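Asker: Handing you this structure, nothing more for now.
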Amino acid sequence: MPLTLDALAILDAIDRRGSFARAAEELDRAPSSLTYAVQQMEAELDVLLFDRSGHRARFTPAGRVLLEEGRALLGAAQTLENRTRQVASGWEPRFALALEALLPWAPLVPLLDAFYALGQTTEIRVRQEVLAGSWDALVSGCADLVVAGGAPPPGAGVRTRPLGVLEFVFCVPPGHVLSRAGKPLTQAEVAAHRAVVIADTARNLPLRSAGWLQRQPRLTVDDLPAKLAAQQAGLGVGALPRWLAETEIAAGRLVGCAWAGGNPRETFYLAWRSGESGRALDWFVRALSQPGVFAGVFDAE
């Protein structure tokens, strides 16, 4: 008998049920047919799969290897079968969401939990990007859906839906000279101090700069936690999203300073490529568009 999925399923049933007779009962086959199938496999492989010297046949070491590796193949075949049916029903086998790194991860948790409750096998990848990096990930095909700040690049061929406005608060460590200014800060006053900025993750699109002024010294870090830690340690100054800044200011770890002209604000969008379709994409667009998903993070436009 050639080494087929059916043959591997026979070995699996024999091991789980403990005997040829019980395995035959589970598979709704005659015990003699299983014995014949195993003999055919042994002849085909020129290997003994069972030790028949005792009262009950037991797997030989070679038989045990075939059983264990065969189970991996059976699992892969089942996964392939499920994925094929899933794709035919409109569900993507894989789905990538890019989230701007200035936003908190927590709002995604209940959405992902609700998605997994659907019982679909779509593999979800959530990645964090900075500044133009989210738009780059979408345009290049590395992400299927993004939550990104600022306008999309011209001619990107994407659909967008505004989610709200993110406000930024300029923060310095307690005791910093700028915390004692007693008035809104001007660009000239801020430019004399090192800015802590997060590196743009764009690979192909032009890099954007945010949070620092021309000729201002800067410390560049990879993510928001590093930026926060650097500012708390007095390594530099900079603007933080209001949802984070308010917590740090209330805890006394940072001091908020007023900007001359008011706090910077940026509109954030949910975006996906024009012409793309899929049930996972539709589900996440609807879910992320629900009011309250980013409550306390975005202000209404």
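Within each chain, counting starts at residue 1; across the structure tokens, chains are named A, B, ... in the order shown, with ligands numbered 1 upward in that order.
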Applying 9 Å and only C-alpha atoms, which residues near Arg127 (chain A) remain after dropping the ones on its own chain fewer than 3 positions away? List them as a PDB file with all heavy atoms, in the first residue's frame.

Answerer:
ATOM      1  N   ALA A  96      -2.980  41.195   7.492  1.00  0.00           N
ATOM      2  CA  ALA A  96      -2.005  42.017   8.231  1.00  0.00           C
ATOM      3  C   ALA A  96      -2.587  43.400   8.509  1.00  0.00           C
ATOM      4  O   ALA A  96      -3.086  44.066   7.600  1.00  0.00           O
ATOM      5  CB  ALA A  96      -0.711  42.149   7.438  1.00  0.00           C
ATOM      6  N   LEU A  97      -2.514  43.794   9.758  1.00  0.00           N
ATOM      7  CA  LEU A  97      -2.979  45.111  10.196  1.00  0.00           C
ATOM      8  C   LEU A  97      -1.780  45.885  10.719  1.00  0.00           C
ATOM      9  O   LEU A  97      -1.018  45.384  11.543  1.00  0.00           O
ATOM     10  CB  LEU A  97      -4.021  44.951  11.306  1.00  0.00           C
ATOM     11  CG  LEU A  97      -4.422  46.217  12.071  1.00  0.00           C
ATOM     12  CD1 LEU A  97      -5.145  47.197  11.148  1.00  0.00           C
ATOM     13  CD2 LEU A  97      -5.297  45.868  13.267  1.00  0.00           C
ATOM     14  N   ALA A  98      -1.606  47.113  10.230  1.00  0.00           N
ATOM     15  CA  ALA A  98      -0.515  47.976  10.709  1.00  0.00           C
ATOM     16  C   ALA A  98      -1.111  49.079  11.566  1.00  0.00           C
ATOM     17  O   ALA A  98      -2.044  49.766  11.151  1.00  0.00           O
ATOM     18  CB  ALA A  98       0.262  48.567   9.534  1.00  0.00           C
ATOM     19  N   LEU A  99      -0.561  49.236  12.754  1.00  0.00           N
ATOM     20  CA  LEU A  99      -1.029  50.237  13.709  1.00  0.00           C
ATOM     21  C   LEU A  99       0.068  51.250  13.958  1.00  0.00           C
ATOM     22  O   LEU A  99       1.212  50.876  14.246  1.00  0.00           O
ATOM     23  CB  LEU A  99      -1.413  49.557  15.025  1.00  0.00           C
ATOM     24  CG  LEU A  99      -1.939  50.450  16.152  1.00  0.00           C
ATOM     25  CD1 LEU A  99      -3.342  50.953  15.832  1.00  0.00           C
ATOM     26  CD2 LEU A  99      -1.938  49.693  17.482  1.00  0.00           C
ATOM     27  N   GLU A 100      -0.266  52.529  13.821  1.00  0.00           N
ATOM     28  CA  GLU A 100       0.704  53.582  14.140  1.00  0.00           C
ATOM     29  C   GLU A 100       1.197  53.395  15.572  1.00  0.00           C
ATOM     30  O   GLU A 100       0.423  53.208  16.509  1.00  0.00           O
ATOM     31  CB  GLU A 100       0.040  54.952  13.976  1.00  0.00           C
ATOM     32  CG  GLU A 100       0.754  56.113  14.621  1.00  0.00           C
ATOM     33  CD  GLU A 100       2.155  56.343  14.081  1.00  0.00           C
ATOM     34  OE1 GLU A 100       2.308  56.455  12.852  1.00  0.00           O
ATOM     35  OE2 GLU A 100       3.091  56.419  14.900  1.00  0.00           O
ATOM     36  N   ALA A 101       2.523  53.439  15.752  1.00  0.00           N
ATOM     37  CA  ALA A 101       3.140  53.132  17.040  1.00  0.00           C
ATOM     38  C   ALA A 101       2.831  54.158  18.118  1.00  0.00           C
ATOM     39  O   ALA A 101       3.099  53.909  19.294  1.00  0.00           O
ATOM     40  CB  ALA A 101       4.647  52.993  16.876  1.00  0.00           C
ATOM     41  N   ALA A 143       0.828  45.317   4.477  1.00  0.00           N
ATOM     42  CA  ALA A 143      -0.332  45.386   5.365  1.00  0.00           C
ATOM     43  C   ALA A 143      -1.588  45.491   4.506  1.00  0.00           C
ATOM     44  O   ALA A 143      -1.572  46.091   3.427  1.00  0.00           O
ATOM     45  CB  ALA A 143      -0.228  46.573   6.311  1.00  0.00           C
TER      46      ALA A 143
END

Asker: Please provide the set of residues having any atom within 6 Å of region 177-184 of chain A, restricted to only C-alpha atoms, with same-chain residues fewer than 6 positions apart removed, written as a PyMOL selection string.

Answerer: chain A and resi 258-260

Asker: Mind checking which residues fall within 12 Å of Thr4 (chain A), counting only C-alpha atoms, ignoring those fewer than 3 positions away in the same chain, and posting them as a PyMOL selection string?

Answerer: chain A and resi 1+7-11+37-38+40-41+44+66+70-71+73-74+77

Asker: Neighbours of Gly278 (chain A) within 9 Å (only C-alpha atoms; same-chain residues fewer than 2 positions away dropped), as a PyMOL selection string?

Answerer: chain A and resi 90-92+276+280-283

Asker: Save the residues we just selected, C-alpha atoms, as a short mmCIF file (atom, residue, chain, number, x, y, z; two decimals), in the first residue's frame?

Answerer:
data_model
loop_
_atom_site.label_atom_id
_atom_site.label_comp_id
_atom_site.auth_asym_id
_atom_site.auth_seq_id
_atom_site.Cartn_x
_atom_site.Cartn_y
_atom_site.Cartn_z
CA GLY A 90 -14.18 34.60 1.00
CA TRP A 91 -11.99 34.53 4.13
CA GLU A 92 -8.34 35.46 3.56
CA GLU A 276 -9.23 44.94 -2.34
CA ALA A 280 -11.53 39.58 7.15
CA LEU A 281 -10.87 43.02 5.65
CA ASP A 282 -14.59 43.85 5.77
CA TRP A 283 -14.84 42.62 9.36
#

Asker: Looking only at strand (DSSP E or B) from DSSP on the backbone, list the matching residues of region 134-176 of chain A as a list in words.

Answerer: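 The residues of region 134-176 of chain A classed as strand (DSSP E or B) are Leu145, Val146, Val147, Ala148, Gly149, Val158, Arg159, Thr160, Arg161, Pro162, Leu163, Gly164, Val165, Leu166, Glu167, Phe168, Val169, Phe170, Cys171 and Val172 of chain A.
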
Asker: Nearest to Glu69 (chain A) among A:Arg208, A:Pro217, A:Leu5, A:Glu42, with distances taken over only C-alpha atoms: which residue is it?

Answerer: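 Comparing A:Arg208, A:Pro217, A:Leu5, A:Glu42 against Glu69 (chain A), the winner is A:Leu5.
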
Asker: Write out as CSV the residues of region 151-187 of chain A that have any atom within 9 Å of an atom of region 225-239 of chain A, one row each with the nearest atom pair and its distance in Å to one decimal, counting only C-alpha atoms, sorted by chain and then rising number.

Answerer:
residue,atom,partner,partner_atom,distance
A:Phe168,CA,A:Ala239,CA,5.6
A:Val169,CA,A:Ala239,CA,5.1
A:Phe170,CA,A:Ala239,CA,4.0
A:Cys171,CA,A:Gly238,CA,5.7
A:Val172,CA,A:Val237,CA,5.2
A:Pro173,CA,A:Gln232,CA,5.5
A:Pro174,CA,A:Gln232,CA,8.5
A:His176,CA,A:Gly234,CA,8.0

Asker: So that I can see what lies close to Phe50 (chain A), please list as a list of chain:residue names the residues with an atom at most 6 Å from it, counting only C-alpha atoms and leaving out residues fewer than 3 positions away in the same chain.

Answerer: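 Counting only C-alpha atoms, the residues come to A:Ala57, A:Arg58, A:Phe59, A:Thr60.
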